file run-v6.pdb (PDB, C-alpha atoms)
ATOM      1  CA  MET A 888      -1.082   0.298 -11.902
ATOM      2  CA  ILE A 889       0.155   3.883 -12.375
ATOM      3  CA  ARG A 890       3.916   3.543 -12.318
ATOM      4  CA  ASN A 891       6.108   5.383 -14.840
ATOM      5  CA  ARG A 892       8.432   2.691 -16.246
ATOM      6  CA  GLU A 893      11.348   4.963 -17.123
ATOM      7  CA  PHE A 894      11.232   6.522 -13.686
ATOM      8  CA  LYS A 895      11.082   3.123 -11.964
ATOM      9  CA  HIS A 896      13.882   1.523 -13.973
ATOM     10  CA  GLY A 897      16.253   4.430 -13.383
ATOM     11  CA  PHE A 898      15.542   4.427  -9.698
ATOM     12  CA  MET A 899      15.987   0.677  -9.336
ATOM     13  CA  ALA A 900      19.366   0.907 -11.063
ATOM     14  CA  LEU A 901      20.433   3.491  -8.516
ATOM     15  CA  LEU A 902      19.055   1.283  -5.735
ATOM     16  CA  THR A 903      21.086  -1.730  -6.854
ATOM     17  CA  GLY A 904      24.316   0.244  -7.012
ATOM     18  CA  LEU A 905      23.861   1.789  -3.610
ATOM     19  CA  LEU A 906      22.962  -1.489  -1.942
ATOM     20  CA  VAL A 907      26.152  -3.039  -3.263
ATOM     21  CA  MET A 908      28.078  -0.145  -1.668
ATOM     22  CA  ALA A 909      26.497  -0.874   1.743
ATOM     23  CA  LEU A 910      23.851   1.818   1.424
ATOM     24  CA  VAL A 911      23.581   4.596   3.993
ATOM     25  CA  ALA A 912      25.677   4.861   7.163
ATOM     26  CA  PRO A 913      24.919   7.109  10.198
ATOM     27  CA  VAL A 914      24.884  10.865   9.617
ATOM     28  CA  THR A 915      27.920  12.846  10.770
ATOM     29  CA  ALA A 916      27.872  16.115   8.827
ATOM     30  CA  ALA A 917      25.699  19.116   9.716
ATOM     31  CA  ASP A 918      22.307  19.568   8.077
ATOM     32  CA  ARG A 919      21.994  21.944   5.136
ATOM     33  CA  GLU A 920      18.673  23.637   4.602
ATOM     34  CA  VAL A 921      17.006  23.537   1.186
ATOM     35  CA  LYS A 922      14.108  25.606  -0.092
ATOM     36  CA  GLU A 923      12.814  25.446  -3.654
ATOM     37  CA  SER A 924       9.574  26.374  -5.421
ATOM     38  CA  GLY A 925       8.244  26.566  -8.950
ATOM     39  CA  PRO A 926       5.065  26.520 -11.059
ATOM     40  CA  ALA A 927       3.213  23.235 -11.606
ATOM     41  CA  ALA A 928       0.161  22.124 -13.554
ATOM     42  CA  ALA A 929      -2.931  21.464 -11.475
ATOM     43  CA  THR A 930      -3.117  17.854 -12.732
ATOM     44  CA  GLY A 931       0.534  17.285 -13.622
ATOM     45  CA  THR A 932       2.832  14.444 -12.575
ATOM     46  CA  VAL A 933       5.196  14.888  -9.631
ATOM     47  CA  MET A 934       8.047  12.351  -9.345
ATOM     48  CA  ILE A 935      10.127  12.147  -6.154
ATOM     49  CA  GLU A 936      13.222  10.032  -5.398
ATOM     50  CA  ASN A 937      15.021   9.671  -2.076
ATOM     51  CA  ILE A 938      17.176   7.072  -0.343
ATOM     52  CA  SER A 939      17.163   7.777   3.402
ATOM     53  CA  GLY A 940      15.233  10.097   5.691
ATOM     54  CA  SER A 941      11.634  11.149   5.117
ATOM     55  CA  ILE A 942       9.307  12.458   2.423
ATOM     56  CA  VAL A 943       6.134  14.258   3.518
ATOM     57  CA  VAL A 944       3.845  15.328   0.660
ATOM     58  CA  VAL A 945       0.861  17.608   1.294
ATOM     59  CA  GLY A 946      -1.635  18.750  -1.317
ATOM     60  CA  TRP A 947      -2.614  22.433  -1.512
ATOM     61  CA  ASP A 948      -4.684  24.745  -3.728
ATOM     62  CA  LYS A 949      -1.749  26.559  -5.363
ATOM     63  CA  ALA A 950      -0.487  25.943  -8.924
ATOM     64  CA  GLU A 951       3.065  25.440  -7.711
ATOM     65  CA  ILE A 952       5.366  23.035  -5.887
ATOM     66  CA  SER A 953       7.258  23.968  -2.751
ATOM     67  CA  VAL A 954      10.107  21.941  -1.224
ATOM     68  CA  GLU A 955      11.572  22.647   2.212
ATOM     69  CA  GLY A 956      13.797  20.533   4.412
ATOM     70  CA  THR A 957      17.327  19.471   5.167
ATOM     71  CA  LEU A 958      20.118  17.458   3.539
ATOM     72  CA  SER A 959      23.020  15.965   5.433
ATOM     73  CA  GLY A 960      26.167  13.903   5.080
ATOM     74  CA  ASP A 961      27.390  12.986   1.602
ATOM     75  CA  ILE A 962      24.272  14.095  -0.264
ATOM     76  CA  GLU A 963      25.461  16.121  -3.245
ATOM     77  CA  GLU A 964      22.368  18.136  -4.114
ATOM     78  CA  LEU A 965      18.627  18.334  -4.505
ATOM     79  CA  LYS A 966      17.587  18.340  -8.142
ATOM     80  CA  PHE A 967      14.385  20.291  -8.615
ATOM     81  CA  LYS A 968      12.871  20.589 -12.071
ATOM     82  CA  THR A 969       9.404  21.823 -12.954
ATOM     83  CA  GLY A 970       7.583  21.601 -16.278
ATOM     84  CA  LYS A 971       4.173  22.033 -17.850
ATOM     85  CA  LYS A 972       3.242  18.367 -17.372
ATOM     86  CA  LYS A 973       5.940  16.825 -15.152
ATOM     87  CA  CYS A 974       7.949  17.912 -12.142
ATOM     88  CA  ARG A 975      10.865  15.972 -10.718
ATOM     89  CA  ILE A 976      12.487  16.115  -7.289
ATOM     90  CA  GLU A 977      15.579  13.962  -6.819
ATOM     91  CA  VAL A 978      17.952  13.671  -3.871
ATOM     92  CA  VAL A 979      21.364  13.019  -5.419
ATOM     93  CA  TYR A 980      23.776  10.693  -3.601
ATOM     94  CA  PRO A 981      27.344   9.819  -4.686
ATOM     95  CA  ARG A 982      27.244   6.911  -7.125
ATOM     96  CA  ASN A 983      30.809   5.624  -6.721
ATOM     97  CA  LYS A 984      31.442   5.914  -3.007
ATOM     98  CA  LYS A 985      31.260   3.231  -0.342
ATOM     99  CA  ASN A 986      29.620   3.775   3.054
ATOM    100  CA  VAL A 987      27.510   6.677   1.872
ATOM    101  CA  LYS A 988      26.339   8.874   4.752
ATOM    102  CA  GLY A 989      23.435  11.230   4.991
ATOM    103  CA  GLU A 990      19.692  11.614   4.707
ATOM    104  CA  ALA A 991      17.134  14.009   3.294
ATOM    105  CA  ASN A 992      14.073  15.097   5.248
ATOM    106  CA  LEU A 993      11.695  16.995   2.984
ATOM    107  CA  VAL A 994       8.238  18.529   3.196
ATOM    108  CA  ILE A 995       6.775  18.961  -0.294
ATOM    109  CA  ASN A 996       3.572  20.816  -1.195
ATOM    110  CA  VAL A 997       1.946  19.912  -4.522
ATOM    111  CA  PRO A 998      -1.352  20.843  -6.232
ATOM    112  CA  HIS A 999      -4.214  18.750  -4.830
ATOM    113  CA  ALA A1000      -4.983  16.925  -8.098
ATOM    114  CA  SER A1001      -1.380  16.004  -8.902
ATOM    115  CA  ARG A1002      -0.435  12.529 -10.081
ATOM    116  CA  LEU A1003       2.154  11.519  -7.493
ATOM    117  CA  GLU A1004       4.988   8.965  -7.821
ATOM    118  CA  VAL A1005       7.369   8.528  -4.863
ATOM    119  CA  GLU A1006      10.237   6.008  -4.605
ATOM    120  CA  CYS A1007      12.345   5.622  -1.448
ATOM    121  CA  ILE A1008      14.614   3.022   0.121
ATOM    122  CA  SER A1009      14.988   3.491   3.882
ATOM    123  CA  ALA A1010      12.909   6.656   4.068
ATOM    124  CA  PHE A1011       9.354   6.773   5.355
ATOM    125  CA  ILE A1012       6.669   8.370   3.186
ATOM    126  CA  GLU A1013       3.578  10.328   4.225
ATOM    127  CA  VAL A1014       1.022  11.653   1.729
ATOM    128  CA  SER A1015      -2.086  13.689   2.579
ATOM    129  CA  ASP A1016      -4.657  15.818   0.742
ATOM    130  CA  VAL A1017      -3.580  14.640  -2.729
ATOM    131  CA  THR A1018      -6.658  13.732  -4.787
ATOM    132  CA  GLY A1019      -4.999  12.457  -7.983
ATOM    133  CA  LEU A1020      -3.391   9.066  -8.616
ATOM    134  CA  VAL A1021      -0.913   8.197  -5.843
ATOM    135  CA  ASP A1022       1.870   5.625  -6.377
ATOM    136  CA  VAL A1023       4.292   5.341  -3.450
ATOM    137  CA  SER A1024       6.840   2.717  -2.409
ATOM    138  CA  SER A1025       9.654   2.269   0.091
ATOM    139  CA  ILE A1026      12.015  -0.625   0.765
ATOM    140  CA  SER A1027      12.255  -0.448   4.562
ATOM    141  CA  GLY A1028      10.273   2.664   5.493
ATOM    142  CA  ASP A1029       6.633   2.954   6.484
ATOM    143  CA  VAL A1030       4.176   4.320   3.920
ATOM    144  CA  THR A1031       1.069   6.320   4.883
ATOM    145  CA  VAL A1032      -1.577   7.781   2.554
ATOM    146  CA  THR A1033      -4.407   9.885   4.001
ATOM    147  CA  GLY A1034      -7.372  11.321   2.104
ATOM    148  CA  GLU A1035      -9.599  10.470  -0.844
ATOM    149  CA  CYS A1036      -7.563   9.828  -4.017
ATOM    150  CA  GLU A1037      -8.332   8.947  -7.622
ATOM    151  CA  GLY A1038      -6.335   5.728  -7.194
ATOM    152  CA  ILE A1039      -3.722   4.379  -4.781
ATOM    153  CA  GLU A1040      -0.811   1.971  -5.140
ATOM    154  CA  ALA A1041       1.226   1.743  -1.923
ATOM    155  CA  GLU A1042       3.900  -0.787  -1.040
ATOM    156  CA  SER A1043       6.849  -1.459   1.246
ATOM    157  CA  ILE A1044       9.160  -4.443   1.639
ATOM    158  CA  SER A1045       9.784  -4.468   5.388
ATOM    159  CA  GLY A1046       7.799  -1.388   6.399
ATOM    160  CA  ASN A1047       4.145  -0.999   7.309
ATOM    161  CA  VAL A1048       1.605   0.438   4.874
ATOM    162  CA  PHE A1049      -1.379   2.483   6.065
ATOM    163  CA  ILE A1050      -4.246   4.007   4.072
ATOM    164  CA  GLU A1051      -7.016   6.114   5.539
ATOM    165  CA  GLY A1052      -9.685   7.535   3.261
ATOM    166  CA  GLY A1053      -9.225   5.385   0.196
ATOM    167  CA  ALA A1054      -9.883   5.496  -3.538
ATOM    168  CA  PRO A1055     -12.084   3.657  -6.073
ATOM    169  CA  GLU A1056      -9.126   1.302  -6.697
ATOM    170  CA  ILE A1057      -6.402   0.430  -4.193
ATOM    171  CA  GLU A1058      -3.362  -1.846  -4.408
ATOM    172  CA  ILE A1059      -1.588  -2.234  -1.071
ATOM    173  CA  SER A1060       1.190  -4.661  -0.162
ATOM    174  CA  SER A1061       4.147  -5.434   2.086
ATOM    175  CA  ILE A1062       6.452  -8.404   2.560
ATOM    176  CA  SER A1063       7.024  -8.430   6.315
ATOM    177  CA  GLY A1064       5.176  -5.289   7.350
ATOM    178  CA  LYS A1065       1.568  -4.791   8.342
ATOM    179  CA  VAL A1066      -1.003  -3.643   5.798
ATOM    180  CA  LYS A1067      -3.922  -1.593   7.129
ATOM    181  CA  ALA A1068      -6.553   0.389   5.227
ATOM    182  CA  ASN A1069      -9.943   1.907   5.949
ATOM    183  CA  GLY A1070     -12.352   4.097   4.041
ATOM    184  CA  THR A1071     -15.682   4.297   2.260
ATOM    185  CA  ALA A1072     -16.029   2.222  -0.948
ATOM    186  CA  SER A1073     -13.115   0.629  -2.820
ATOM    187  CA  ASP A1074     -12.004  -2.199  -5.074
ATOM    188  CA  ILE A1075      -8.943  -3.555  -3.252
ATOM    189  CA  GLU A1076      -5.971  -5.825  -3.850
ATOM    190  CA  ALA A1077      -4.037  -6.485  -0.629
ATOM    191  CA  GLY A1078      -1.085  -8.822  -0.145
ATOM    192  CA  THR A1079       1.614  -9.745   2.371
ATOM    193  CA  VAL A1080       4.029 -12.584   3.018
ATOM    194  CA  SER A1081       4.388 -12.559   6.803
ATOM    195  CA  GLY A1082       2.602  -9.338   7.723
ATOM    196  CA  ASP A1083      -1.002  -9.065   8.865
ATOM    197  CA  ILE A1084      -3.758  -7.476   6.766
ATOM    198  CA  ASP A1085      -6.450  -5.287   8.344
ATOM    199  CA  LEU A1086      -9.142  -3.825   6.058
ATOM    200  CA  ALA A1087     -12.259  -1.949   7.186
ATOM    201  CA  PHE A1088     -14.473  -0.216   4.587
ATOM    202  CA  ASP A1089     -18.088   0.817   4.403
ATOM    203  CA  LYS A1090     -18.353  -1.264   1.223
ATOM    204  CA  PHE A1091     -15.960  -3.383  -0.817
ATOM    205  CA  LEU A1092     -16.595  -3.074  -4.553
ATOM    206  CA  GLY A1093     -14.253  -6.016  -5.169
ATOM    207  CA  LEU A1094     -11.545  -7.677  -3.125
ATOM    208  CA  ASN A1095      -8.481  -9.855  -3.574
ATOM    209  CA  VAL A1096      -6.578 -10.762  -0.393
ATOM    210  CA  GLU A1097      -3.444 -12.922  -0.431
ATOM    211  CA  SER A1098      -1.066 -13.835   2.397
ATOM    212  CA  VAL A1099       1.432 -16.587   3.153
ATOM    213  CA  ALA A1100       1.870 -16.441   6.931
ATOM    214  CA  GLY A1101      -0.024 -13.323   7.975
ATOM    215  CA  ASP A1102      -3.557 -13.143   9.368
ATOM    216  CA  ALA A1103      -6.281 -11.171   7.573
ATOM    217  CA  THR A1104      -9.091  -9.225   9.244
ATOM    218  CA  VAL A1105     -11.669  -7.807   6.823
ATOM    219  CA  LYS A1106     -14.809  -5.874   7.766
ATOM    220  CA  GLY A1107     -17.400  -4.263   5.496
ATOM    221  CA  ASP A1108     -20.377  -4.692   3.187
ATOM    222  CA  LEU A1109     -19.980  -6.453  -0.180
ATOM    223  CA  ALA A1110     -21.173  -4.932  -3.460
ATOM    224  CA  GLY A1111     -23.761  -7.117  -5.161
ATOM    225  CA  ASP A1112     -21.894  -7.334  -8.469
ATOM    226  CA  GLY A1113     -18.455  -7.818  -6.899
ATOM    227  CA  TYR A1114     -16.044 -10.755  -6.720
ATOM    228  CA  PHE A1115     -14.248 -11.321  -3.404
ATOM    229  CA  SER A1116     -11.359 -13.789  -3.140
ATOM    230  CA  PHE A1117      -9.201 -14.755  -0.169
ATOM    231  CA  ASP A1118      -6.143 -16.986  -0.521
ATOM    232  CA  LEU A1119      -4.154 -17.619   2.670
ATOM    233  CA  HIS A1120      -1.618 -20.298   3.539
ATOM    234  CA  SER A1121      -1.051 -20.487   7.294
ATOM    235  CA  GLY A1122      -2.762 -17.244   8.262
ATOM    236  CA  TYR A1123      -6.217 -16.977   9.810
ATOM    237  CA  LEU A1124      -9.065 -15.096   8.103
ATOM    238  CA  THR A1125     -11.787 -13.220   9.962
ATOM    239  CA  LEU A1126     -14.427 -11.792   7.608
ATOM    240  CA  THR A1127     -17.172  -9.605   9.087
ATOM    241  CA  VAL A1128     -20.138  -8.698   6.870
ATOM    242  CA  PRO A1129     -23.681  -7.384   7.489
ATOM    243  CA  GLY A1130     -26.207  -9.977   8.539
ATOM    244  CA  ASP A1131     -28.360  -9.153   5.510
ATOM    245  CA  VAL A1132     -25.545  -9.362   2.945
ATOM    246  CA  SER A1133     -26.507 -10.908  -0.400
ATOM    247  CA  ALA A1134     -23.709 -13.310  -1.281
ATOM    248  CA  ASP A1135     -22.767 -16.781  -2.466
ATOM    249  CA  PHE A1136     -19.998 -18.298  -0.313
ATOM    250  CA  GLU A1137     -17.553 -21.080  -1.217
ATOM    251  CA  ILE A1138     -15.033 -21.876   1.535
ATOM    252  CA  GLU A1139     -12.341 -24.544   1.558
ATOM    253  CA  THR A1140      -9.484 -25.339   3.948
ATOM    254  CA  PHE A1141      -6.828 -28.038   3.827
ATOM    255  CA  SER A1142      -6.488 -28.403   7.603
ATOM    256  CA  GLY A1143      -8.112 -25.284   9.089
ATOM    257  CA  GLU A1144     -11.492 -24.992  10.801
ATOM    258  CA  ILE A1145     -14.517 -22.988   9.592
ATOM    259  CA  ASP A1146     -16.661 -20.975  12.028
ATOM    260  CA  ASN A1147     -19.773 -19.441  10.458
ATOM    261  CA  ASP A1148     -22.142 -16.982  12.186
ATOM    262  CA  PHE A1149     -24.796 -17.556   9.517
ATOM    263  CA  GLY A1150     -25.319 -21.022  10.975
ATOM    264  CA  GLN A1151     -24.442 -23.406   8.166
ATOM    265  CA  LYS A1152     -21.903 -26.048   9.195
ATOM    266  CA  SER A1153     -18.848 -27.150   7.249
ATOM    267  CA  ARG A1154     -18.132 -30.740   6.328
ATOM    268  CA  LYS A1155     -14.965 -32.738   5.810
ATOM    269  CA  THR A1156     -13.716 -32.887   2.239
ATOM    270  CA  SER A1157     -12.600 -36.501   2.755
ATOM    271  CA  LYS A1158     -12.703 -39.068   5.525
ATOM    272  CA  TYR A1159      -8.963 -39.491   5.046
ATOM    273  CA  ALA A1160      -7.976 -35.787   5.153
ATOM    274  CA  PRO A1161      -8.490 -32.966   7.713
ATOM    275  CA  GLY A1162      -9.785 -30.470   5.164
ATOM    276  CA  ARG A1163     -13.219 -28.861   5.423
ATOM    277  CA  GLU A1164     -15.530 -27.117   2.988
ATOM    278  CA  LEU A1165     -18.680 -25.037   3.163
ATOM    279  CA  GLU A1166     -21.001 -23.638   0.503
ATOM    280  CA  PHE A1167     -24.025 -21.482   1.317
ATOM    281  CA  THR A1168     -26.009 -18.503   0.034
ATOM    282  CA  THR A1169     -27.427 -15.488   1.843
ATOM    283  CA  GLY A1170     -30.128 -13.202   0.441
ATOM    284  CA  GLY A1171     -30.178 -13.342  -3.350
ATOM    285  CA  GLY A1172     -26.568 -14.550  -3.549
ATOM    286  CA  GLU A1173     -25.400 -11.574  -5.622
ATOM    287  CA  ALA A1174     -21.801 -11.136  -4.434
ATOM    288  CA  ARG A1175     -19.421 -14.047  -5.050
ATOM    289  CA  VAL A1176     -17.128 -14.911  -2.130
ATOM    290  CA  ARG A1177     -14.363 -17.493  -2.604
ATOM    291  CA  ILE A1178     -12.135 -18.403   0.352
ATOM    292  CA  SER A1179      -9.218 -20.835   0.429
ATOM    293  CA  THR A1180      -6.716 -21.507   3.232
ATOM    294  CA  PHE A1181      -4.144 -24.217   3.814
ATOM    295  CA  SER A1182      -3.697 -24.454   7.585
ATOM    296  CA  GLY A1183      -5.418 -21.283   8.718
ATOM    297  CA  ASP A1184      -8.918 -21.103  10.181
ATOM    298  CA  VAL A1185     -11.764 -19.170   8.539
ATOM    299  CA  VAL A1186     -14.189 -17.192  10.701
ATOM    300  CA  ILE A1187     -17.318 -15.566   9.225
ATOM    301  CA  ARG A1188     -18.880 -12.950  11.505
ATOM    302  CA  THR A1189     -22.015 -10.823  11.121
ATOM    303  CA  LYS A1190     -22.302  -7.241  12.348
TER     304      LYS A1190
END

call {"tool": "encode", "arguments": {"input": "run-v6.pdb", "output": "structure tokens"}}
result
Amino acid sequence: MIRNREFKHGFMALLTGLLVMALVAPVTAADREVKESGPAAATGTVMIENISGSIVVVGWDKAEISVEGTLSGDIEELKFKTGKKKCRIEVVYPRNKKNVKGEANLVINVPHASRLEVECISAFIEVSDVTGLVDVSSISGDVTVTGECEGIEAESISGNVFIEGGAPEIEISSISGKVKANGTASDIEAGTVSGDIDLAFDKFLGLNVESVAGDATVKGDLAGDGYFSFDLHSGYLTLTVPGDVSADFEIETFSGEIDNDFGQKSRKTSKYAPGRELEFTTGGGEARVRISTFSGDVVIRTK
């Protein structure tokens, strides 16, 4: 959604090389303190790269960036470069050494309205009080974004992803980790392979939920002009909406059951197959809800 391609490609090349060299081993050397600061545009782009450790980003009302923290082990340096439109913070690891040791633990203050791009491997990421576009990803670390942002894209491979506050548009995903988000009103894309999905918003402007083996729990009102799709394989879906929601529902399962608080009963799709289907409308039928599961059950609750 908001990723800088040059930044991503360079980082992924570094990732591939380091993974081949067995990535990061336990820390043995003493920590070295780092402290850097420099001017930054109020709405500029801040790009951050790290391999292991932690990245904590906090928005503030100053037109500058501040970096404080520690480096350890084989880490060579912290590259810190500021500019009128872009600022870059990079933790530099040896490129041609096996069994690389060390981690960087950094606290970074940026202007509130910054456009933020963070890439990590085994480091966890925390972002708070940043109101611009936020694009953060980690391979095995948890990712947390707190506060109201212009847009959010957050992902991890084996870590959990948490969002509290939200944005008009959110993309959130993990392979084996849990995905959890709550806030006011958002258009959301959420996906996992084996992790569970937990979404709770005052109102969903649009929604696309996909999972292979994870369960999905979704709670909130549905915008009248929105489209809401759910595609699960073996996971269960529990969807909780207001009793007076205006929506048109189409639900289909291959072998799962359908439990509906609105009262309408599902029927078998065929006398020879275990699948069930249910179509019904509430209110004026404004929102369009499409649900499909393979072996997971579908539960519709009213609040």

call {"tool": "resolve_selection", "arguments": {"input": "run-v6.pdb", "expression": "the PyMOL selection byres ((chain A and resi 993) around 7)", "output": "JSON list (two decimals) with C-alpha atoms, in the coordinates of the input"}}
result
[["chain", "number", "residue", "atom", "x", "y", "z"],
["A", 941, "SER", "CA", 11.63, 11.15, 5.12],
["A", 942, "ILE", "CA", 9.31, 12.46, 2.42],
["A", 943, "VAL", "CA", 6.13, 14.26, 3.52],
["A", 954, "VAL", "CA", 10.11, 21.94, -1.22],
["A", 955, "GLU", "CA", 11.57, 22.65, 2.21],
["A", 956, "GLY", "CA", 13.80, 20.53, 4.41],
["A", 957, "THR", "CA", 17.33, 19.47, 5.17],
["A", 991, "ALA", "CA", 17.13, 14.01, 3.29],
["A", 992, "ASN", "CA", 14.07, 15.10, 5.25],
["A", 994, "VAL", "CA", 8.24, 18.53, 3.20],
["A", 995, "ILE", "CA", 6.78, 18.96, -0.29]]

call {"tool": "resolve_selection", "arguments": {"input": "run-v6.pdb", "expression": "the PyMOL selection byres ((chain A and resi 1103) around 10)", "output": "PyMOL selection string"}}
result
chain A and resi 1066-1067+1077-1079+1082-1086+1096-1098+1100-1102+1104-1105+1117-1119+1122-1126+1185

call {"tool": "resolve_selection", "arguments": {"input": "run-v6.pdb", "expression": "the PyMOL selection byres ((chain A and resi 1088) around 7)", "output": "list in words"}}
result
Asn1069, Gly1070, Thr1071, Ala1072, Leu1086, Ala1087, Asp1089, Lys1090, Phe1091, Lys1106 and Gly1107 of chain A

call {"tool": "atom_distance", "arguments": {"input": "run-v6.pdb", "atom1": "CA of Thr930 (chain A)", "atom2": "CA of Glu1051 (chain A)"}}
result
22.1 Å

call {"tool": "residues_around", "arguments": {"input": "run-v6.pdb", "residues": "Ile1044 (chain A)", "least_positions_apart": "4", "cutoff": "12 Å", "atoms": "all atoms listed in the file", "output": "PyMOL selection string"}}
result
chain A and resi 1007-1011+1024-1030+1048+1059-1066+1078-1082

call {"tool": "atom_distance", "arguments": {"input": "run-v6.pdb", "atom1": "CA of Gly970 (chain A)", "atom2": "CA of Glu936 (chain A)"}}
result
16.9 Å

call {"tool": "atom_distance", "arguments": {"input": "run-v6.pdb", "atom1": "CA of Val1099 (chain A)", "atom2": "CA of Ser1153 (chain A)"}}
result
23.2 Å

call {"tool": "closest_residue", "arguments": {"input": "run-v6.pdb", "among": "A:Ser1043, A:Glu923, A:Gly1038, A:Gly1150", "to": "Ile1057 (chain A)", "atoms": "only C-alpha atoms"}}
result
A:Gly1038

call {"tool": "axis_aligned_box", "arguments": {"input": "run-v6.pdb", "around": "region 1167-1175 of chain A", "padding_each_side": "8 Å", "output": "lines of an AutoDock Vina configuration file"}}
result
center_x = -24.8
center_y = -16.3
center_z = -1.9
size_x = 26.8
size_y = 26.3
size_z = 23.5

call {"tool": "residues_around", "arguments": {"input": "run-v6.pdb", "residues": "Thr1031 (chain A)", "least_positions_apart": "6", "cutoff": "6 Å", "atoms": "all atoms listed in the file", "output": "list in words"}}
result
Glu1013, Val1048, Phe1049 and Ile1050 of chain A

call {"tool": "closest_residue", "arguments": {"input": "run-v6.pdb", "among": "A:Arg919, A:Glu1166, A:Ser924, A:Thr1156", "to": "Phe967 (chain A)", "atoms": "all atoms listed in the file"}}
result
A:Ser924

call {"tool": "residues_around", "arguments": {"input": "run-v6.pdb", "residues": "Lys949 (chain A)", "least_positions_apart": "5", "cutoff": "12 Å", "atoms": "only C-alpha atoms", "output": "list in words"}}
result
Ser924, Gly925, Pro926, Ala927, Ala928, Ala929, Thr930, Asn996, Val997, Pro998, His999, Ala1000 and Ser1001 of chain A

call {"tool": "build_atoms", "arguments": {"input": "run-v6.pdb", "residues": "region 992-1006 of chain A", "atoms": "N, CA and C atoms", "output": "short mmCIF file (atom, residue, chain, number, x, y, z; two decimals), in the coordinates of the input"}}
result
data_model
loop_
_atom_site.label_atom_id
_atom_site.label_comp_id
_atom_site.auth_asym_id
_atom_site.auth_seq_id
_atom_site.Cartn_x
_atom_site.Cartn_y
_atom_site.Cartn_z
N ASN A 992 15.38 15.00 4.62
CA ASN A 992 14.07 15.10 5.25
C ASN A 992 13.35 16.28 4.62
N LEU A 993 12.33 15.98 3.81
CA LEU A 993 11.70 17.00 2.98
C LEU A 993 10.19 17.06 3.21
N VAL A 994 9.67 18.28 3.21
CA VAL A 994 8.24 18.53 3.20
C VAL A 994 7.92 19.17 1.85
N ILE A 995 7.04 18.54 1.08
CA ILE A 995 6.78 18.96 -0.29
C ILE A 995 5.29 19.24 -0.46
N ASN A 996 4.96 20.46 -0.88
CA ASN A 996 3.57 20.82 -1.20
C ASN A 996 3.35 20.73 -2.70
N VAL A 997 2.27 20.08 -3.10
CA VAL A 997 1.95 19.91 -4.52
C VAL A 997 0.48 20.27 -4.73
N PRO A 998 0.08 20.62 -5.96
CA PRO A 998 -1.35 20.84 -6.23
C PRO A 998 -2.18 19.61 -5.86
N HIS A 999 -3.37 19.84 -5.33
CA HIS A 999 -4.21 18.75 -4.83
C HIS A 999 -4.38 17.61 -5.84
N ALA A 1000 -4.64 17.94 -7.10
CA ALA A 1000 -4.98 16.92 -8.10
C ALA A 1000 -3.77 16.34 -8.81
N SER A 1001 -2.59 16.54 -8.27
CA SER A 1001 -1.38 16.00 -8.90
C SER A 1001 -1.41 14.48 -8.98
N ARG A 1002 -0.74 13.95 -10.00
CA ARG A 1002 -0.44 12.53 -10.08
C ARG A 1002 0.93 12.36 -9.42
N LEU A 1003 0.97 11.57 -8.33
CA LEU A 1003 2.15 11.52 -7.49
C LEU A 1003 2.85 10.17 -7.58
N GLU A 1004 4.18 10.18 -7.79
CA GLU A 1004 4.99 8.96 -7.82
C GLU A 1004 6.20 9.18 -6.91
N VAL A 1005 6.29 8.39 -5.84
CA VAL A 1005 7.37 8.53 -4.86
C VAL A 1005 8.08 7.19 -4.70
N GLU A 1006 9.41 7.21 -4.80
CA GLU A 1006 10.24 6.01 -4.61
C GLU A 1006 11.29 6.31 -3.54
#
